file input07.cif (mmCIF, C-alpha atoms)
data_coords
loop_
_atom_site.label_atom_id
_atom_site.label_comp_id
_atom_site.auth_asym_id
_atom_site.auth_seq_id
_atom_site.Cartn_x
_atom_site.Cartn_y
_atom_site.Cartn_z
CA MET A 1 89.99 121.94 82.49
CA ALA A 2 91.80 122.21 79.18
CA ARG A 3 89.36 123.11 76.42
CA GLY A 4 91.22 120.99 73.88
CA LYS A 5 90.67 117.76 75.77
CA LYS A 6 87.40 115.99 75.01
CA ALA A 7 86.20 114.55 78.30
CA GLU A 8 83.50 111.95 78.65
CA VAL A 9 80.62 113.23 80.74
CA LYS A 10 78.78 110.56 82.70
CA ILE A 11 75.23 111.40 83.82
CA ARG A 12 73.60 109.34 86.57
CA ARG A 13 70.80 109.64 89.11
CA MET A 14 71.61 111.45 92.33
CA THR A 15 71.63 109.36 95.51
CA ARG A 16 71.70 110.17 99.22
CA ASN A 17 75.45 109.50 99.19
CA ASP A 18 75.90 112.53 96.90
CA ILE A 19 74.37 115.12 99.24
CA HIS A 20 77.58 116.40 100.86
CA GLU A 21 79.40 116.66 97.54
CA VAL A 22 76.39 118.46 95.98
CA LEU A 23 76.45 120.98 98.84
CA PHE A 24 80.22 121.47 98.43
CA LEU A 25 79.83 122.02 94.67
CA ASP A 26 76.91 124.40 95.30
CA ARG A 27 79.19 126.56 97.47
CA ILE A 28 81.84 126.64 94.72
CA ILE A 29 79.32 127.53 92.03
CA THR A 30 77.41 130.18 93.95
CA GLY A 31 80.46 131.59 95.74
CA GLN A 32 78.59 131.49 99.03
CA ARG A 33 80.16 130.70 102.38
CA ARG A 34 76.92 129.16 103.51
CA ASP A 35 74.72 126.62 101.78
CA VAL A 36 72.18 128.05 99.34
CA ILE A 37 70.81 124.53 99.15
CA LYS A 38 70.25 123.10 102.62
CA TYR A 39 71.26 119.61 103.72
CA GLU A 40 67.84 119.09 105.29
CA ASP A 41 66.07 119.92 102.02
CA LEU A 42 68.15 117.48 99.99
CA ALA A 43 67.94 114.74 102.61
CA SER A 44 64.16 115.07 102.89
CA ALA A 45 63.89 114.84 99.08
CA ASP A 46 65.53 111.41 99.43
CA PRO A 47 67.58 111.56 96.21
CA GLY A 48 67.27 108.55 93.94
CA THR A 49 63.77 107.65 95.10
CA PRO A 50 60.44 108.84 93.68
CA PRO A 51 59.39 111.60 93.37
CA ASP A 52 63.00 112.86 93.26
CA LEU A 53 64.39 112.97 89.71
CA SER A 54 67.76 114.63 90.33
CA PHE A 55 70.89 113.89 88.30
CA ILE A 56 74.67 114.18 88.69
CA ALA A 57 77.25 114.94 85.96
CA GLU A 58 80.73 113.48 86.41
CA ILE A 59 83.99 113.65 84.49
CA ASP A 60 86.66 111.13 85.46
CA GLY A 61 84.69 110.32 88.64
CA LYS A 62 84.56 113.98 89.73
CA MET A 63 81.18 115.66 90.21
CA VAL A 64 81.11 118.68 87.89
CA GLY A 65 77.40 119.47 87.86
CA PHE A 66 73.96 118.49 89.03
CA SER A 67 70.30 119.11 88.48
CA ILE A 68 67.62 119.06 91.14
CA ASN A 69 64.28 117.91 89.77
CA ARG A 70 61.10 116.59 91.29
CA SER A 71 57.87 115.17 89.98
CA THR A 72 54.63 116.46 91.40
CA TYR A 73 50.95 116.59 90.57
CA LEU A 74 49.53 119.93 89.47
CA MET A 75 46.36 121.49 88.07
CA VAL A 76 42.89 120.03 87.68
CA PRO A 77 42.66 117.35 86.50
CA LEU A 78 45.80 116.30 88.37
CA THR A 79 48.68 115.87 85.95
CA GLU A 80 52.14 114.56 86.77
CA VAL A 81 54.74 117.21 85.98
CA CYS A 82 58.50 117.25 86.53
CA ILE A 83 59.78 120.56 87.87
CA ILE A 84 63.40 121.53 87.24
CA HIS A 85 64.48 123.42 90.35
CA ALA A 86 68.17 123.94 89.59
CA ILE A 87 70.88 123.06 87.10
CA LEU A 88 74.38 123.98 88.23
CA VAL A 89 77.75 123.33 86.57
CA HIS A 90 81.20 123.93 88.07
CA PRO A 91 82.67 127.15 86.58
CA ASP A 92 85.73 125.29 85.23
CA TYR A 93 83.47 122.97 83.20
CA ARG A 94 81.01 125.43 81.69
CA GLY A 95 80.70 125.59 77.93
CA LEU A 96 81.10 121.82 77.53
CA GLY A 97 77.38 121.09 77.20
CA ILE A 98 77.08 119.55 80.65
CA GLY A 99 73.89 121.46 81.53
CA GLY A 100 72.36 120.27 78.28
CA LYS A 101 73.33 116.67 79.03
CA LEU A 102 71.64 116.94 82.42
CA VAL A 103 68.48 118.26 80.73
CA GLU A 104 68.61 115.50 78.09
CA ALA A 105 68.97 112.78 80.73
CA LEU A 106 65.97 114.16 82.62
CA LEU A 107 63.85 114.40 79.46
CA LYS A 108 64.69 110.83 78.48
CA HIS A 109 63.87 109.58 81.99
CA CYS A 110 60.55 111.45 82.09
CA GLN A 111 59.56 110.16 78.66
CA THR A 112 60.38 106.58 79.72
CA GLU A 113 58.36 107.00 82.94
CA GLY A 114 55.37 108.52 81.13
CA ILE A 115 55.71 111.97 82.70
CA GLY A 116 54.20 114.14 79.99
CA THR A 117 55.41 117.59 81.05
CA VAL A 118 58.74 118.94 82.24
CA ARG A 119 58.63 122.50 83.53
CA ALA A 120 61.50 124.92 84.17
CA LEU A 121 60.80 128.11 86.09
CA ILE A 122 63.10 130.77 84.65
CA PRO A 123 63.30 134.45 85.61
CA THR A 124 62.00 136.63 82.76
CA GLY A 125 65.30 138.54 82.58
CA ASN A 126 67.53 135.46 82.22
CA LYS A 127 67.66 135.20 78.42
CA GLU A 128 70.74 132.93 78.47
CA LEU A 129 68.92 130.29 80.51
CA GLN A 130 65.77 130.69 78.41
CA ASP A 131 67.84 130.06 75.26
CA ILE A 132 69.31 126.86 76.74
CA PHE A 133 65.84 125.47 77.38
CA LYS A 134 64.56 126.57 73.97
CA ARG A 135 67.41 124.61 72.35
CA HIS A 136 66.07 121.52 74.14
CA GLY A 137 62.55 121.97 72.81
CA PHE A 138 60.98 123.88 75.71
CA LYS A 139 58.36 126.48 74.81
CA ARG A 140 56.83 129.30 76.80
CA SER A 141 53.94 127.87 78.80
CA ARG A 142 50.36 129.03 78.60
CA ILE A 143 50.35 128.97 82.41
CA THR A 144 50.48 132.34 84.12
CA ASN A 145 52.35 132.24 87.38
CA PHE A 146 51.11 134.32 90.30
CA ASP A 147 53.22 134.61 93.44
CA ARG A 148 52.59 136.11 96.82
CA ALA A 149 55.70 136.75 98.81
CA PHE A 150 55.86 137.37 102.53
CA GLU A 151 58.51 139.54 104.08
CA SER A 152 60.87 137.64 106.32
#
call {"tool": "encode", "arguments": {"input": "input07.cif", "output": "structure tokens"}}
result
Amino acid sequence: MARGKKAEVKIRRMTRNDIHEVLFLDRIITGQRRDVIKYEDLASADPGTPPDLSFIAEIDGKMVGFSINRSTYLMVPLTEVCIIHAILVHPDYRGLGIGGKLVEALLKHCQTEGIGTVRALIPTGNKELQDIFKRHGFKRSRITNFDRAFES
């Protein structure tokens, strides 16, 4: 896409009809020959229905990015939290603020729905991604994450 042209980015909720295009875009973005995101996982999340809170970014009707988000209840007492699982933008459209627009749409939606916390799980070494979330008002959590991984 030409950098000089100012394109209008449309953000909307993801629906079931978007699944195949999301998977196609995922393969372009990740450079994988197989799906990193599985059809079964997206279909079972039933995009566009609660608790799915995923969004699509489009320019001129073409999908150029997406975010996969889901609300869940965590901690004691149970608190509704939205978890950002992935934000991906087509390589040709990076640097246009599309990822930020996806985050902003999610934040606005969560605020409207009364979801008090939005959480992004970011690898400690990914400073670029951390900076993006900091620009949108995210702060390091007081939650310490412990994982136990099993060899496969």
call {"tool": "residues_around", "arguments": {"input": "input07.cif", "residues": "Phe133 of chain A", "least_positions_apart": "5", "cutoff": "10 Å", "atoms": "all atoms listed in the file", "output": "PyMOL selection string"}}
result
chain A and resi 99-100+103+119-120+122+127-128+138-140
call {"tool": "resolve_selection", "arguments": {"input": "input07.cif", "expression": "the PyMOL selection byres ((chain A and resi 39-41) around 8)", "output": "compact mmCIF listing (two decimals) with C-alpha atoms, keeping the file's coordinate frame"}}
result
# COMPACT_ATOMS: atom_id res chain seq x y z
CA ILE A 19 74.37 115.12 99.24
CA HIS A 20 77.58 116.40 100.86
CA LEU A 23 76.45 120.98 98.84
CA ILE A 37 70.81 124.53 99.15
CA LYS A 38 70.25 123.10 102.62
CA LEU A 42 68.15 117.48 99.99
CA ALA A 43 67.94 114.74 102.61
CA SER A 44 64.16 115.07 102.89
CA ALA A 45 63.89 114.84 99.08
call {"tool": "axis_aligned_box", "arguments": {"input": "input07.cif", "around": "segment 66-71 of chain A", "padding_each_side": "5 Å", "output": "lines of an AutoDock Vina configuration file"}}
result
center_x = 65.9
center_y = 117.1
center_z = 89.9
size_x = 26.1
size_y = 13.9
size_z = 12.8
call {"tool": "residues_around", "arguments": {"input": "input07.cif", "residues": "segment 68-77 of chain A", "least_positions_apart": "6", "cutoff": "10 Å", "atoms": "all atoms listed in the file", "output": "list of chain:residue names"}}
result
A:Met14, A:Leu42, A:Ala45, A:Pro47, A:Pro50, A:Pro51, A:Asp52, A:Leu53, A:Ser54, A:Phe55, A:Ile56, A:Ile83, A:Ile84, A:His85, A:Ala86, A:Ile87, A:Leu88, A:Leu102, A:Val103, A:Leu106, A:Cys110, A:Ile115, A:Thr117, A:Val118, A:Arg119, A:Ala120
call {"tool": "residues_near_point", "arguments": {"input": "input07.cif", "point": "(74.7, 123.1, 93.4)", "cutoff": "10 Å", "atoms": "only C-alpha atoms", "output": "ChimeraX atom specification"}}
result
/A:19,21-30,35-37,64-68,86-90
call {"tool": "closest_residue", "arguments": {"input": "input07.cif", "among": "A:Gly114, A:Gly61, A:Gly48, A:Pro91", "to": "Glu8 of chain A", "atoms": "only C-alpha atoms"}}
result
A:Gly61
call {"tool": "atom_distance", "arguments": {"input": "input07.cif", "atom1": "atom CA of Gln111 of chain A", "atom2": "atom CA of Asp60 of chain A"}}
result
28.0 Å
call {"tool": "atom_distance", "arguments": {"input": "input07.cif", "atom1": "atom CA of Lys134 of chain A", "atom2": "atom CA of Gly31 of chain A"}}
result
27.4 Å
call {"tool": "closest_residue", "arguments": {"input": "input07.cif", "among": "A:Lys62, A:Arg142, A:Arg148, A:His109", "to": "Asp18 of chain A", "atoms": "only C-alpha atoms"}}
result
A:Lys62
call {"tool": "atom_distance", "arguments": {"input": "input07.cif", "atom1": "atom CA of Thr144 of chain A", "atom2": "atom CA of Leu107 of chain A"}}
result
22.9 Å
call {"tool": "closest_residue", "arguments": {"input": "input07.cif", "among": "A:Cys82, A:Glu104, A:Thr15, A:Arg94", "to": "Leu121 of chain A", "atoms": "all atoms listed in the file"}}
result
A:Cys82
